[in-house]
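Source file data-v9.cif; content: mmCIF, C-alpha atoms and all ligand atoms.
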data_target
#
loop_
_atom_site.label_atom_id
_atom_site.label_comp_id
_atom_site.auth_asym_id
_atom_site.auth_seq_id
_atom_site.Cartn_x
_atom_site.Cartn_y
_atom_site.Cartn_z
CA MET A 585 -147.28 71.17 70.44
CA LEU A 586 -149.66 73.82 69.15
CA THR A 587 -153.37 73.53 69.80
CA GLU A 588 -155.55 73.42 66.73
CA THR A 589 -156.59 77.01 67.32
CA GLN A 590 -152.96 78.12 67.55
CA LEU A 591 -152.04 76.26 64.39
CA ARG A 592 -154.99 77.80 62.56
CA GLN A 593 -154.03 81.27 63.76
CA PHE A 594 -150.47 80.80 62.50
CA GLN A 595 -151.80 79.69 59.14
CA THR A 596 -154.35 82.47 58.73
CA GLU A 597 -152.55 85.40 60.41
CA GLY A 598 -148.90 84.40 59.88
CA CYS A 599 -148.20 84.81 63.60
CA VAL A 600 -149.28 83.19 66.84
CA THR A 601 -148.33 83.47 70.51
CA ILE A 602 -147.93 80.36 72.65
CA PRO A 603 -147.93 81.24 76.36
CA GLY A 604 -145.91 79.11 78.77
CA ALA A 605 -143.59 77.68 76.12
CA LEU A 606 -140.59 78.11 78.42
CA LEU A 607 -140.59 77.06 82.06
CA PRO A 608 -140.05 79.99 84.44
CA GLU A 609 -136.71 78.46 85.48
CA THR A 610 -135.61 78.27 81.84
CA VAL A 611 -136.50 81.94 81.38
CA THR A 612 -134.40 82.77 84.45
CA THR A 613 -131.47 80.67 83.22
CA LEU A 614 -131.48 82.20 79.72
CA LEU A 615 -131.65 85.71 81.16
CA GLN A 616 -128.79 84.97 83.56
CA GLU A 617 -126.79 83.41 80.73
CA SER A 618 -127.34 86.52 78.55
CA LYS A 619 -126.16 88.78 81.35
CA ARG A 620 -123.19 86.52 82.08
CA MET A 621 -122.12 86.73 78.43
CA ILE A 622 -122.36 90.52 78.50
CA ALA A 623 -120.42 90.66 81.77
CA GLY A 624 -117.66 88.65 80.08
CA LEU A 625 -117.47 90.94 77.05
CA ASP A 626 -114.06 92.52 76.69
CA LEU A 627 -114.65 96.06 75.45
CA GLU A 628 -110.99 96.61 74.65
CA SER A 629 -110.97 94.01 71.90
CA HIS A 630 -114.43 94.72 70.50
CA PRO A 631 -114.66 96.46 67.12
CA MET A 632 -117.69 98.44 68.38
CA THR A 633 -119.89 97.31 65.57
CA LYS A 634 -123.24 98.97 65.67
CA PHE A 635 -126.34 97.12 64.64
CA ASN A 636 -129.11 99.18 63.16
CA THR A 637 -131.92 97.89 60.99
CA GLY A 638 -133.11 101.48 60.49
CA ASP A 639 -132.45 103.51 57.41
CA ASP A 640 -129.52 105.36 58.94
CA GLU A 641 -126.79 105.82 56.33
CA GLU A 642 -124.20 105.67 59.06
CA SER A 643 -125.09 102.19 60.23
CA HIS A 644 -122.20 99.78 60.11
CA VAL A 645 -124.10 96.65 59.22
CA GLY A 646 -121.54 95.92 56.53
CA ASP A 647 -118.80 95.33 59.02
CA ASP A 648 -117.10 91.98 58.81
CA TYR A 649 -117.83 91.48 62.47
CA PHE A 650 -121.53 91.37 61.66
CA LEU A 651 -121.22 89.36 58.45
CA ASN A 652 -119.00 86.76 60.06
CA SER A 653 -121.08 86.22 63.18
CA SER A 654 -123.02 83.10 62.15
CA ASP A 655 -120.73 80.80 64.11
CA LYS A 656 -119.85 83.14 66.97
CA VAL A 657 -121.18 84.82 70.06
CA SER A 658 -120.84 88.41 68.87
CA PHE A 659 -122.07 91.56 70.58
CA PHE A 660 -123.76 94.43 68.74
CA PHE A 661 -124.25 97.82 70.35
CA GLU A 662 -127.21 100.13 70.31
CA PRO A 663 -126.30 103.06 68.04
CA ASP A 664 -127.41 105.46 70.78
CA ALA A 665 -124.95 103.91 73.23
CA ILE A 666 -121.97 105.05 71.18
CA ASP A 667 -120.84 108.63 70.56
CA LYS A 668 -119.49 109.92 67.26
CA ASN A 669 -115.98 109.01 68.27
CA GLY A 670 -117.00 105.41 68.77
CA ARG A 671 -116.91 105.60 72.56
CA LEU A 672 -119.50 103.95 74.77
CA VAL A 673 -121.64 106.48 76.61
CA ARG A 674 -123.27 103.87 78.88
CA GLU A 675 -122.33 100.86 80.92
CA LYS A 676 -121.94 97.87 78.62
CA GLU A 677 -124.75 96.13 80.56
CA THR A 678 -127.30 98.55 79.12
CA ALA A 679 -125.59 99.20 75.78
CA ILE A 680 -125.93 95.89 73.92
CA ASN A 681 -128.63 95.69 71.26
CA LYS A 682 -128.15 92.01 70.52
CA ILE A 683 -125.94 88.95 70.87
CA GLY A 684 -125.66 86.48 68.00
CA HIS A 685 -125.76 84.53 65.81
CA GLY A 686 -124.46 81.11 66.92
CA LEU A 687 -125.92 80.83 70.42
CA HIS A 688 -127.95 77.75 69.49
CA PHE A 689 -124.83 75.61 69.22
CA LEU A 690 -122.17 77.55 71.12
CA ASN A 691 -124.01 78.00 74.42
CA SER A 692 -125.35 74.88 76.10
CA GLU A 693 -128.34 76.60 77.74
CA PHE A 694 -129.47 78.21 74.49
CA ASN A 695 -128.79 74.93 72.72
CA LYS A 696 -131.18 73.15 75.09
CA ALA A 697 -133.83 75.83 74.59
CA THR A 698 -133.50 75.43 70.81
CA ILE A 699 -132.82 71.83 69.88
CA ASN A 700 -135.55 69.99 71.72
CA GLY A 701 -138.64 67.90 71.16
CA PHE A 702 -141.07 70.76 71.84
CA ASN A 703 -139.62 72.98 69.11
CA ALA A 704 -139.18 70.04 66.75
CA ALA A 705 -142.85 69.07 67.20
CA ILE A 706 -143.98 72.61 66.42
CA ALA A 707 -141.71 72.75 63.38
CA SER A 708 -143.26 69.59 62.06
CA GLN A 709 -146.81 70.83 62.83
CA ILE A 710 -146.25 73.95 60.77
CA GLY A 711 -145.00 71.94 57.83
CA PHE A 712 -141.23 71.48 58.08
CA SER A 713 -139.89 68.13 56.99
CA ASP A 714 -136.21 68.90 57.64
CA PRO A 715 -136.08 71.91 59.99
CA ARG A 716 -132.66 73.55 60.30
CA VAL A 717 -131.76 76.27 62.75
CA LEU A 718 -129.90 78.90 60.83
CA GLN A 719 -129.21 81.66 63.32
CA SER A 720 -130.00 82.64 66.87
CA MET A 721 -129.83 85.81 68.91
CA VAL A 722 -130.68 87.50 72.15
CA ILE A 723 -132.33 90.85 71.54
CA CYS A 724 -131.98 93.10 74.59
CA LYS A 725 -134.11 96.18 73.77
CA GLN A 726 -132.38 98.25 76.42
CA PRO A 727 -134.21 100.74 78.66
CA SER A 728 -134.87 104.11 76.98
CA ILE A 729 -132.54 103.55 73.98
CA GLY A 730 -133.61 100.11 72.70
CA GLY A 731 -134.08 100.95 69.02
CA LYS A 732 -137.21 100.26 67.03
CA VAL A 733 -137.12 97.52 64.42
CA PRO A 734 -138.81 99.00 61.34
CA SER A 735 -141.41 96.91 59.55
CA HIS A 736 -139.89 94.09 57.54
CA GLN A 737 -140.38 90.49 56.44
CA ASP A 738 -137.83 87.97 57.69
CA ALA A 739 -137.55 86.39 54.22
CA GLU A 740 -135.95 89.65 53.07
CA PHE A 741 -132.97 88.71 55.22
CA LEU A 742 -133.08 84.89 55.11
CA TYR A 743 -134.14 84.23 51.55
CA THR A 744 -134.74 80.63 50.53
CA GLN A 745 -136.38 79.12 47.49
CA PRO A 746 -139.14 78.36 48.13
CA GLN A 747 -139.46 80.73 51.10
CA SER A 748 -139.35 78.76 54.31
CA CYS A 749 -137.96 80.67 57.26
CA VAL A 750 -139.96 80.85 60.46
CA GLY A 751 -138.90 82.88 63.48
CA PHE A 752 -139.22 81.28 66.92
CA TRP A 753 -139.23 84.27 69.27
CA PHE A 754 -139.29 83.73 73.05
CA ALA A 755 -139.98 86.55 75.50
CA LEU A 756 -137.45 86.37 78.36
CA GLU A 757 -139.06 89.43 79.97
CA ASP A 758 -142.60 90.73 79.65
CA CYS A 759 -142.97 92.56 76.37
CA THR A 760 -145.36 95.48 76.92
CA LEU A 761 -146.69 98.53 75.11
CA GLU A 762 -143.96 100.59 76.80
CA ASN A 763 -140.84 98.48 76.31
CA GLY A 764 -140.91 97.73 72.60
CA CYS A 765 -143.95 95.71 71.72
CA LEU A 766 -144.14 93.52 68.62
CA SER A 767 -146.86 94.16 66.08
CA TYR A 768 -147.73 92.65 62.71
CA VAL A 769 -150.14 92.88 59.80
CA PRO A 770 -152.32 89.75 60.07
CA GLY A 771 -152.55 87.89 56.78
CA SER A 772 -149.72 89.89 55.14
CA HIS A 773 -147.82 86.63 54.61
CA PHE A 774 -150.43 85.90 51.91
CA THR A 775 -150.79 89.37 50.46
CA ALA A 776 -147.34 90.95 50.62
CA PRO A 777 -144.74 89.46 48.29
CA ILE A 778 -141.03 89.85 49.05
CA VAL A 779 -140.03 92.94 47.09
CA ARG A 780 -136.52 93.49 48.44
CA ARG A 781 -133.68 91.33 49.73
CA PHE A 782 -130.80 92.18 52.03
CA VAL A 783 -127.64 90.77 50.46
CA SER A 784 -123.92 91.07 50.88
CA GLY A 785 -121.34 91.21 48.14
CA PRO A 786 -117.89 92.62 47.48
CA ALA A 787 -119.23 96.17 47.72
CA GLY A 788 -120.86 95.65 51.10
CA THR A 789 -124.48 95.08 52.06
CA LYS A 790 -127.52 96.42 50.25
CA PHE A 791 -131.12 95.73 49.36
CA ILE A 792 -131.77 94.34 45.90
CA ASN A 793 -134.91 93.67 43.92
CA PRO A 794 -135.29 89.86 44.03
CA ASN A 795 -136.81 89.75 40.55
CA THR A 796 -134.25 91.82 38.66
CA GLY A 797 -131.21 91.40 40.90
CA GLN A 798 -130.71 95.18 40.57
CA GLU A 799 -130.43 97.62 43.43
CA TRP A 800 -133.80 97.97 45.16
CA GLU A 801 -135.47 101.27 44.32
CA GLY A 802 -137.67 101.64 47.36
CA PHE A 803 -141.23 100.64 48.12
CA THR A 804 -144.00 101.68 45.76
CA GLU A 805 -146.67 103.91 47.27
CA GLN A 806 -148.94 100.93 47.63
CA GLU A 807 -146.27 98.81 49.38
CA GLN A 808 -145.40 101.72 51.62
CA ALA A 809 -149.03 102.26 52.53
CA VAL A 810 -149.32 98.75 54.00
CA ARG A 811 -146.09 99.09 55.93
CA GLU A 812 -146.94 102.47 57.43
CA ASN A 813 -150.62 102.15 58.11
CA GLU A 814 -150.72 101.74 61.89
CA SER A 815 -154.35 100.68 61.80
CA LEU A 816 -153.41 97.50 59.91
CA PHE A 817 -150.99 96.37 62.66
CA LYS A 818 -152.04 94.08 65.50
CA THR A 819 -150.04 94.72 68.65
CA VAL A 820 -149.14 91.81 70.88
CA GLU A 821 -148.22 92.12 74.52
CA ILE A 822 -146.20 89.05 75.40
CA PRO A 823 -145.61 87.68 78.89
CA ALA A 824 -142.15 86.20 79.65
CA GLY A 825 -141.94 82.54 78.63
CA THR A 826 -144.24 82.99 75.65
CA LEU A 827 -143.22 81.79 72.19
CA VAL A 828 -144.18 83.84 69.15
CA LEU A 829 -144.00 82.18 65.74
CA ILE A 830 -143.36 84.54 62.83
CA HIS A 831 -143.92 83.49 59.21
CA SER A 832 -141.20 84.33 56.63
CA ASN A 833 -143.44 86.75 54.70
CA LEU A 834 -145.24 88.40 57.62
CA ILE A 835 -144.87 92.18 57.86
CA HIS A 836 -143.89 92.90 61.46
CA LYS A 837 -141.98 95.42 63.54
CA SER A 838 -141.21 96.46 67.07
CA GLU A 839 -141.19 99.85 68.74
CA ARG A 840 -138.48 101.76 70.53
CA ASN A 841 -138.20 100.98 74.21
CA THR A 842 -139.09 104.21 75.95
CA SER A 843 -139.45 102.64 79.38
CA ALA A 844 -137.06 102.04 82.25
CA ALA A 845 -137.32 98.25 81.82
CA SER A 846 -135.36 96.14 79.35
CA ARG A 847 -137.12 93.68 77.03
CA TYR A 848 -134.93 90.62 76.55
CA ALA A 849 -136.00 88.05 73.98
CA TYR A 850 -134.37 84.95 72.53
CA THR A 851 -135.05 84.22 68.89
CA PHE A 852 -133.87 81.70 66.35
CA HIS A 853 -134.82 81.19 62.73
CA VAL A 854 -135.57 77.85 61.15
CA ILE A 855 -135.40 77.10 57.43
CA GLU A 856 -136.41 74.03 55.48
CA GLY A 857 -133.40 71.85 54.71
CA GLU A 858 -134.83 71.04 51.31
CA SER A 859 -135.17 74.71 50.33
CA GLU A 860 -132.27 76.36 48.60
CA TYR A 861 -130.48 78.80 50.90
CA ASP A 862 -129.41 81.73 48.75
CA ALA A 863 -125.70 82.37 48.33
CA GLN A 864 -126.27 86.13 48.37
CA ASN A 865 -127.90 86.20 51.80
CA TRP A 866 -126.01 88.45 54.18
CA LEU A 867 -125.62 85.60 56.66
CA GLN A 868 -123.44 82.81 55.33
CA ILE A 869 -122.55 79.71 57.25
CA PRO A 870 -118.91 78.73 56.76
CA PRO A 871 -118.47 75.19 55.42
CA ASN A 872 -117.98 72.58 58.12
CA LYS A 873 -119.41 74.78 60.85
CA PRO A 874 -120.69 74.33 63.44
CA SER A 875 -117.85 72.08 64.43
CA GLY A 876 -117.82 69.73 61.50
CA SER A 877 -121.57 69.25 61.12
CA LEU A 878 -123.68 70.10 58.10
CA ASN A 879 -124.13 73.74 57.21
CA PHE A 880 -127.16 74.17 59.40
CA THR A 881 -128.13 72.62 62.68
CA SER A 882 -130.99 70.18 62.41
CA LEU A 883 -133.81 70.83 64.83
CA ARG A 884 -134.69 67.15 64.92
CA VAL A 885 -133.79 65.42 68.13
CA SER A 886 -132.79 61.82 67.74
O1 LIG B 901 -137.45 91.49 68.84
C1 LIG B 901 -137.70 92.39 68.04
O2 LIG B 901 -137.83 93.53 68.43
C2 LIG B 901 -137.84 92.13 66.57
C3 LIG B 901 -137.87 90.69 66.29
C4 LIG B 901 -137.93 90.31 64.85
O3 LIG B 901 -138.17 91.06 63.96
C5 LIG B 901 -137.71 88.89 64.57
O4 LIG B 901 -137.37 88.13 65.50
O5 LIG B 901 -137.86 88.49 63.41
FE FE B 902 -138.22 89.96 62.07
#

As structure tokens, please, write out the structure in this file.
Amino acid sequence: MLTETQLRQFQTEGCVTIPGALLPETVTTLLQESKRMIAGLDLESHPMTKFNTGDDEESHVGDDYFLNSSDKVSFFFEPDAIDKNGRLVREKETAINKIGHGLHFLNSEFNKATINGFNAAIASQIGFSDPRVLQSMVICKQPSIGGKVPSHQDAEFLYTQPQSCVGFWFALEDCTLENGCLSYVPGSHFTAPIVRRFVSGPAGTKFINPNTGQEWEGFTEQEQAVRENESLFKTVEIPAGTLVLIHSNLIHKSERNTSAASRYAYTFHVIEGESEYDAQNWLQIPPNKPSGSLNFTSLRVS
């Protein structure tokens, strides 16, 4: 449960940190599980998909491997861990950017950390009536090459009508100023409308203007100013075990990891079952998955 102060902060700022949300032993288990999954990754059969939310033209986010990962445990590499011939230039243990997007139902430890009474109670406190877990991932933020996540709003990627997605982000290692801190513009969930959407179609992935449906033409100067004005961002250092709640419309980002320490985090996104999940969203859940249940996994525990 959130305290009243935490709930108020989420409502007014669009983001709140909840220390001690995971027991230390759960943090250890989830970290071990992440590393076990990476140890089991067979490089020979991997398509070497890169994941890059930056503006790099070369990014391969359109790959089927990425688009079809909603019901899998898929591994995405840091762009800087792969040379121009597609070969890994690091050990796989320090080369993975993220693992996703079906951990919440395919891995029993991540399932327990996701579908439980604590998370369900928070979901109901922040206004969900039918909370559904849509996607989950481990973000590794590897030492020295862990890429920055440019400022964005999660609703750009997980668009529902009305907007409903909330990110539940758990630090599995301390998140510090050196290893890729999160920061956000407090209150931007009220002031910054969603002006672009990341969609997939026959021609691959792209950003479109949600109002016109046409290709997105870039931020206006005013929109850009908010997203690039460092003084508007509030930086949060986050001890391991802390939960961070991120509102669908909140402008947030994270920095490159320039340190020698990794910054593992587990995050899943919840949407309201009664909201319409848009058919153009890049992430589509195949019918009858996971394993015969409804499209999304209900966060309610019975
Ligand atoms: O972990 C990060 O660096 C970025 C996280 C993020 O943007 C999210 O979970 O929505
Ligand atoms: Fe995000």

Legend entry - Distance of CA of Val783 (chain A) from CA of Trp866 (chain A), expressed in Å to one decimal place: 4.7 Å

Inset, instruction - Please give me, as a ChimeraX atom specification, the residues lying within 7 Å of ligand FE 902 (chain B) when counting all atoms listed in the file. - result: /A:736-738,836-837

Would you mind listing, for every residue of chain A within 10 Å of ligand LIG 901 (chain B), the two atoms forming the shortest contact and the distance between them in Å to one decimal, using only C-alpha atoms and all ligand atoms, sorted by chain and ascending residue number, as a Markdown table?
| residue | atom | partner | partner_atom | distance |
| --- | --- | --- | --- | --- |
| A:Thr637 | CA | B:LIG901 | O3 | 9.7 |
| A:Asn681 | CA | B:LIG901 | O2 | 9.9 |
| A:Lys682 | CA | B:LIG901 | O1 | 9.5 |
| A:Ser720 | CA | B:LIG901 | O4 | 9.3 |
| A:Met721 | CA | B:LIG901 | O4 | 8.6 |
| A:Val722 | CA | B:LIG901 | O1 | 8.5 |
| A:Ile723 | CA | B:LIG901 | O1 | 5.8 |
| A:Cys724 | CA | B:LIG901 | O1 | 8.1 |
| A:Lys725 | CA | B:LIG901 | O2 | 7.0 |
| A:Gly730 | CA | B:LIG901 | O2 | 8.9 |
| A:Gly731 | CA | B:LIG901 | O2 | 8.3 |
| A:Lys732 | CA | B:LIG901 | O2 | 6.9 |
| A:Val733 | CA | B:LIG901 | O2 | 5.7 |
| A:Pro734 | CA | B:LIG901 | O3 | 8.4 |
| A:Ser735 | CA | B:LIG901 | O3 | 8.0 |
| A:His736 | CA | B:LIG901 | O3 | 7.3 |
| A:Gln737 | CA | B:LIG901 | O5 | 7.7 |
| A:Asp738 | CA | B:LIG901 | O5 | 5.7 |
| A:Ala739 | CA | B:LIG901 | O5 | 9.4 |
| A:Phe741 | CA | B:LIG901 | O5 | 9.5 |
| A:Cys749 | CA | B:LIG901 | O5 | 9.9 |
| A:Val750 | CA | B:LIG901 | O5 | 8.5 |
| A:Gly751 | CA | B:LIG901 | O5 | 5.7 |
| A:Phe752 | CA | B:LIG901 | O4 | 7.2 |
| A:Trp753 | CA | B:LIG901 | O4 | 5.7 |
| A:Phe754 | CA | B:LIG901 | O4 | 8.9 |
| A:Ala755 | CA | B:LIG901 | O1 | 8.7 |
| A:Cys759 | CA | B:LIG901 | O1 | 9.4 |
| A:Asn763 | CA | B:LIG901 | O2 | 9.8 |
| A:Gly764 | CA | B:LIG901 | O2 | 6.7 |
| A:Cys765 | CA | B:LIG901 | O2 | 7.3 |
| A:Leu766 | CA | B:LIG901 | O2 | 6.3 |
| A:Ser767 | CA | B:LIG901 | C2 | 9.3 |
| A:Tyr768 | CA | B:LIG901 | O3 | 9.8 |
| A:Val828 | CA | B:LIG901 | O4 | 8.8 |
| A:Leu829 | CA | B:LIG901 | O4 | 8.9 |
| A:Ile830 | CA | B:LIG901 | O5 | 6.8 |
| A:His831 | CA | B:LIG901 | O5 | 8.9 |
| A:Ser832 | CA | B:LIG901 | O5 | 8.6 |
| A:Leu834 | CA | B:LIG901 | O5 | 9.4 |
| A:Ile835 | CA | B:LIG901 | O3 | 9.1 |
| A:His836 | CA | B:LIG901 | O3 | 6.5 |
| A:Lys837 | CA | B:LIG901 | O3 | 5.8 |
| A:Ser838 | CA | B:LIG901 | O2 | 4.7 |
| A:Glu839 | CA | B:LIG901 | O2 | 7.2 |
| A:Arg840 | CA | B:LIG901 | O2 | 8.5 |
| A:Asn841 | CA | B:LIG901 | O2 | 9.4 |
| A:Arg847 | CA | B:LIG901 | O1 | 8.5 |
| A:Tyr848 | CA | B:LIG901 | O1 | 8.2 |
| A:Ala849 | CA | B:LIG901 | O1 | 6.4 |
| A:Tyr850 | CA | B:LIG901 | O1 | 8.1 |
| A:Thr851 | CA | B:LIG901 | O4 | 5.7 |
| A:Phe852 | CA | B:LIG901 | O4 | 7.4 |
| A:His853 | CA | B:LIG901 | O4 | 7.9 |

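Interatomic distance, CA of His685 (chain A) against CA of Tyr649 (chain A): 11.1 Å.
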
Legend entry - CA of Leu607 (chain A) to CA of Glu856 (chain A), straight-line distance in Å: 27.1 Å

Inset, instruction - Tell me, as a PyMOL selection string, which residues lie within 9 Å of Gly604 (chain A), counting all atoms listed in the file; anything in the same chain fewer than 3 positions away does not count. - result: chain A and resi 607-608+823-827

Legend entry - Residues near Ala679 (chain A), cut-off 6 Å, only C-alpha atoms, skip fewer than 6 positions along chain, as a PyMOL selection string: chain A and resi 661-662+665

Go ahead and save the residues from that selection, with C-alpha atoms, as a PDB file, keeping the file's coordinate frame.
ATOM      1  CA  PHE A 661    -124.250  97.820  70.350  1.00  0.00           C
ATOM      2  CA  GLU A 662    -127.210 100.130  70.310  1.00  0.00           C
ATOM      3  CA  ALA A 665    -124.950 103.910  73.230  1.00  0.00           C
TER       4      ALA A 665
END

Legend entry - Near-Leu687 (chain A) list (12 Å; all atoms listed in the file; drop same-chain fewer than 4 positions) as a PyMOL selection string: chain A and resi 614+617-618+621+653-659+682-683+691-699+717-723+850-853+874+881

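Among the candidates A:Ala623, A:Ala605, A:Ile855, A:Cys599, the residue lying nearest to Gln745 (chain A) is A:Ile855 (atoms considered: only C-alpha atoms).
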
To test the calculation: enclose all listed atoms of region 604-609 of chain A in a box whose edges run along x, y and z, add 8 Å on each side, then state centre and edge lengths in Å to one decimal, as lines of an AutoDock Vina configuration file.
center_x = -141.3
center_y = 78.5
center_z = 80.8
size_x = 25.2
size_y = 18.9
size_z = 25.4

Kindly provide, as an mmCIF file with C-alpha atoms, in the frame of the given file, the polymer residues lying within 8 Å of (-150.7, 86.3, 61.2), counting all atoms listed in the file and using the coordinates exactly as they appear in the file.
data_model
loop_
_atom_site.group_PDB
_atom_site.id
_atom_site.type_symbol
_atom_site.label_atom_id
_atom_site.label_comp_id
_atom_site.auth_asym_id
_atom_site.auth_seq_id
_atom_site.Cartn_x
_atom_site.Cartn_y
_atom_site.Cartn_z
ATOM 1 C CA GLN A 593 -154.030 81.270 63.760
ATOM 2 C CA PHE A 594 -150.470 80.800 62.500
ATOM 3 C CA GLN A 595 -151.800 79.690 59.140
ATOM 4 C CA THR A 596 -154.350 82.470 58.730
ATOM 5 C CA GLU A 597 -152.550 85.400 60.410
ATOM 6 C CA GLY A 598 -148.900 84.400 59.880
ATOM 7 C CA CYS A 599 -148.200 84.810 63.600
ATOM 8 C CA VAL A 600 -149.280 83.190 66.840
ATOM 9 C CA TYR A 768 -147.730 92.650 62.710
ATOM 10 C CA VAL A 769 -150.140 92.880 59.800
ATOM 11 C CA PRO A 770 -152.320 89.750 60.070
ATOM 12 C CA GLY A 771 -152.550 87.890 56.780
ATOM 13 C CA SER A 772 -149.720 89.890 55.140
ATOM 14 C CA HIS A 773 -147.820 86.630 54.610
ATOM 15 C CA ILE A 830 -143.360 84.540 62.830
ATOM 16 C CA HIS A 831 -143.920 83.490 59.210
ATOM 17 C CA LEU A 834 -145.240 88.400 57.620
#

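Of the residues listed (A:Gly686, A:Pro786, A:Gly701, A:Gly802), A:Pro786 shows the shortest atom-to-atom separation from Asp648 (chain A); distances use all atoms listed in the file.
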
Legend entry - For Pro715 (chain A), the nearest of the candidates A:Val854, A:Ile680, A:Ile622, A:Leu867, counting all atoms listed in the file: A:Val854

Legend entry - Selected residue, from A:Gln747, A:Ile729, A:Arg716, A:Val820, that lies nearest to Ser846 (chain A) when counting all atoms listed in the file: A:Ile729

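Each of A:Gly857, A:Ile666, A:Ser748, A:Met632 was checked against Arg884 (chain A) using all atoms listed in the file; the smallest atom-to-atom distance is that of A:Gly857.
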
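You can rank A:Lys619, A:Lys818, A:His630, A:Lys668 by their closest distance to Phe650 (chain A) using all atoms listed in the file, and at the top of that list sits A:His630.
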
Inset, instruction - For Phe782 (chain A), work out the shell of residues within 8 Å, counting all atoms listed in the file and skipping chain neighbours fewer than 4 positions away, then give it as a ChimeraX atom specification. - result: /A:740-741,789-792,865-866

Take the residues from that selection and put them in a file with C-alpha atoms, as a PDB file, in the coordinates of the input.
ATOM      1  CA  GLU A 740    -135.950  89.650  53.070  1.00  0.00           C
ATOM      2  CA  PHE A 741    -132.970  88.710  55.220  1.00  0.00           C
ATOM      3  CA  THR A 789    -124.480  95.080  52.060  1.00  0.00           C
ATOM      4  CA  LYS A 790    -127.520  96.420  50.250  1.00  0.00           C
ATOM      5  CA  PHE A 791    -131.120  95.730  49.360  1.00  0.00           C
ATOM      6  CA  ILE A 792    -131.770  94.340  45.900  1.00  0.00           C
ATOM      7  CA  ASN A 865    -127.900  86.200  51.800  1.00  0.00           C
ATOM      8  CA  TRP A 866    -126.010  88.450  54.180  1.00  0.00           C
TER       9      TRP A 866
END

Can you save region 706-727 of chain A of the given block to a file, including C-alpha atoms and formatted as a PDB file, in the first residue's frame?
ATOM      1  CA  ILE A 706      -1.267  -0.173  -5.234  1.00  0.00           C
ATOM      2  CA  ALA A 707      -2.974  -0.538  -8.609  1.00  0.00           C
ATOM      3  CA  SER A 708      -6.325  -0.117  -6.979  1.00  0.00           C
ATOM      4  CA  GLN A 709      -5.114   2.859  -4.893  1.00  0.00           C
ATOM      5  CA  ILE A 710      -4.006   4.694  -8.008  1.00  0.00           C
ATOM      6  CA  GLY A 711      -7.356   4.140  -9.662  1.00  0.00           C
ATOM      7  CA  PHE A 712      -7.306   0.880 -11.623  1.00  0.00           C
ATOM      8  CA  SER A 713     -10.487  -1.147 -11.551  1.00  0.00           C
ATOM      9  CA  ASP A 714      -9.248  -3.982 -13.784  1.00  0.00           C
ATOM     10  CA  PRO A 715      -5.434  -3.811 -13.825  1.00  0.00           C
ATOM     11  CA  ARG A 716      -3.763  -5.906 -16.518  1.00  0.00           C
ATOM     12  CA  VAL A 717      -0.063  -6.514 -16.837  1.00  0.00           C
ATOM     13  CA  LEU A 718       0.843  -5.968 -20.433  1.00  0.00           C
ATOM     14  CA  GLN A 719       4.593  -6.412 -20.619  1.00  0.00           C
ATOM     15  CA  SER A 720       7.571  -6.938 -18.362  1.00  0.00           C
ATOM     16  CA  MET A 721      11.306  -6.592 -18.700  1.00  0.00           C
ATOM     17  CA  VAL A 722      14.627  -6.631 -16.947  1.00  0.00           C
ATOM     18  CA  ILE A 723      16.691  -3.606 -17.893  1.00  0.00           C
ATOM     19  CA  CYS A 724      20.395  -4.244 -17.271  1.00  0.00           C
ATOM     20  CA  LYS A 725      22.087  -0.873 -17.927  1.00  0.00           C
ATOM     21  CA  GLN A 726      25.475  -2.501 -18.318  1.00  0.00           C
ATOM     22  CA  PRO A 727      28.706  -0.972 -16.971  1.00  0.00           C
TER      23      PRO A 727
END
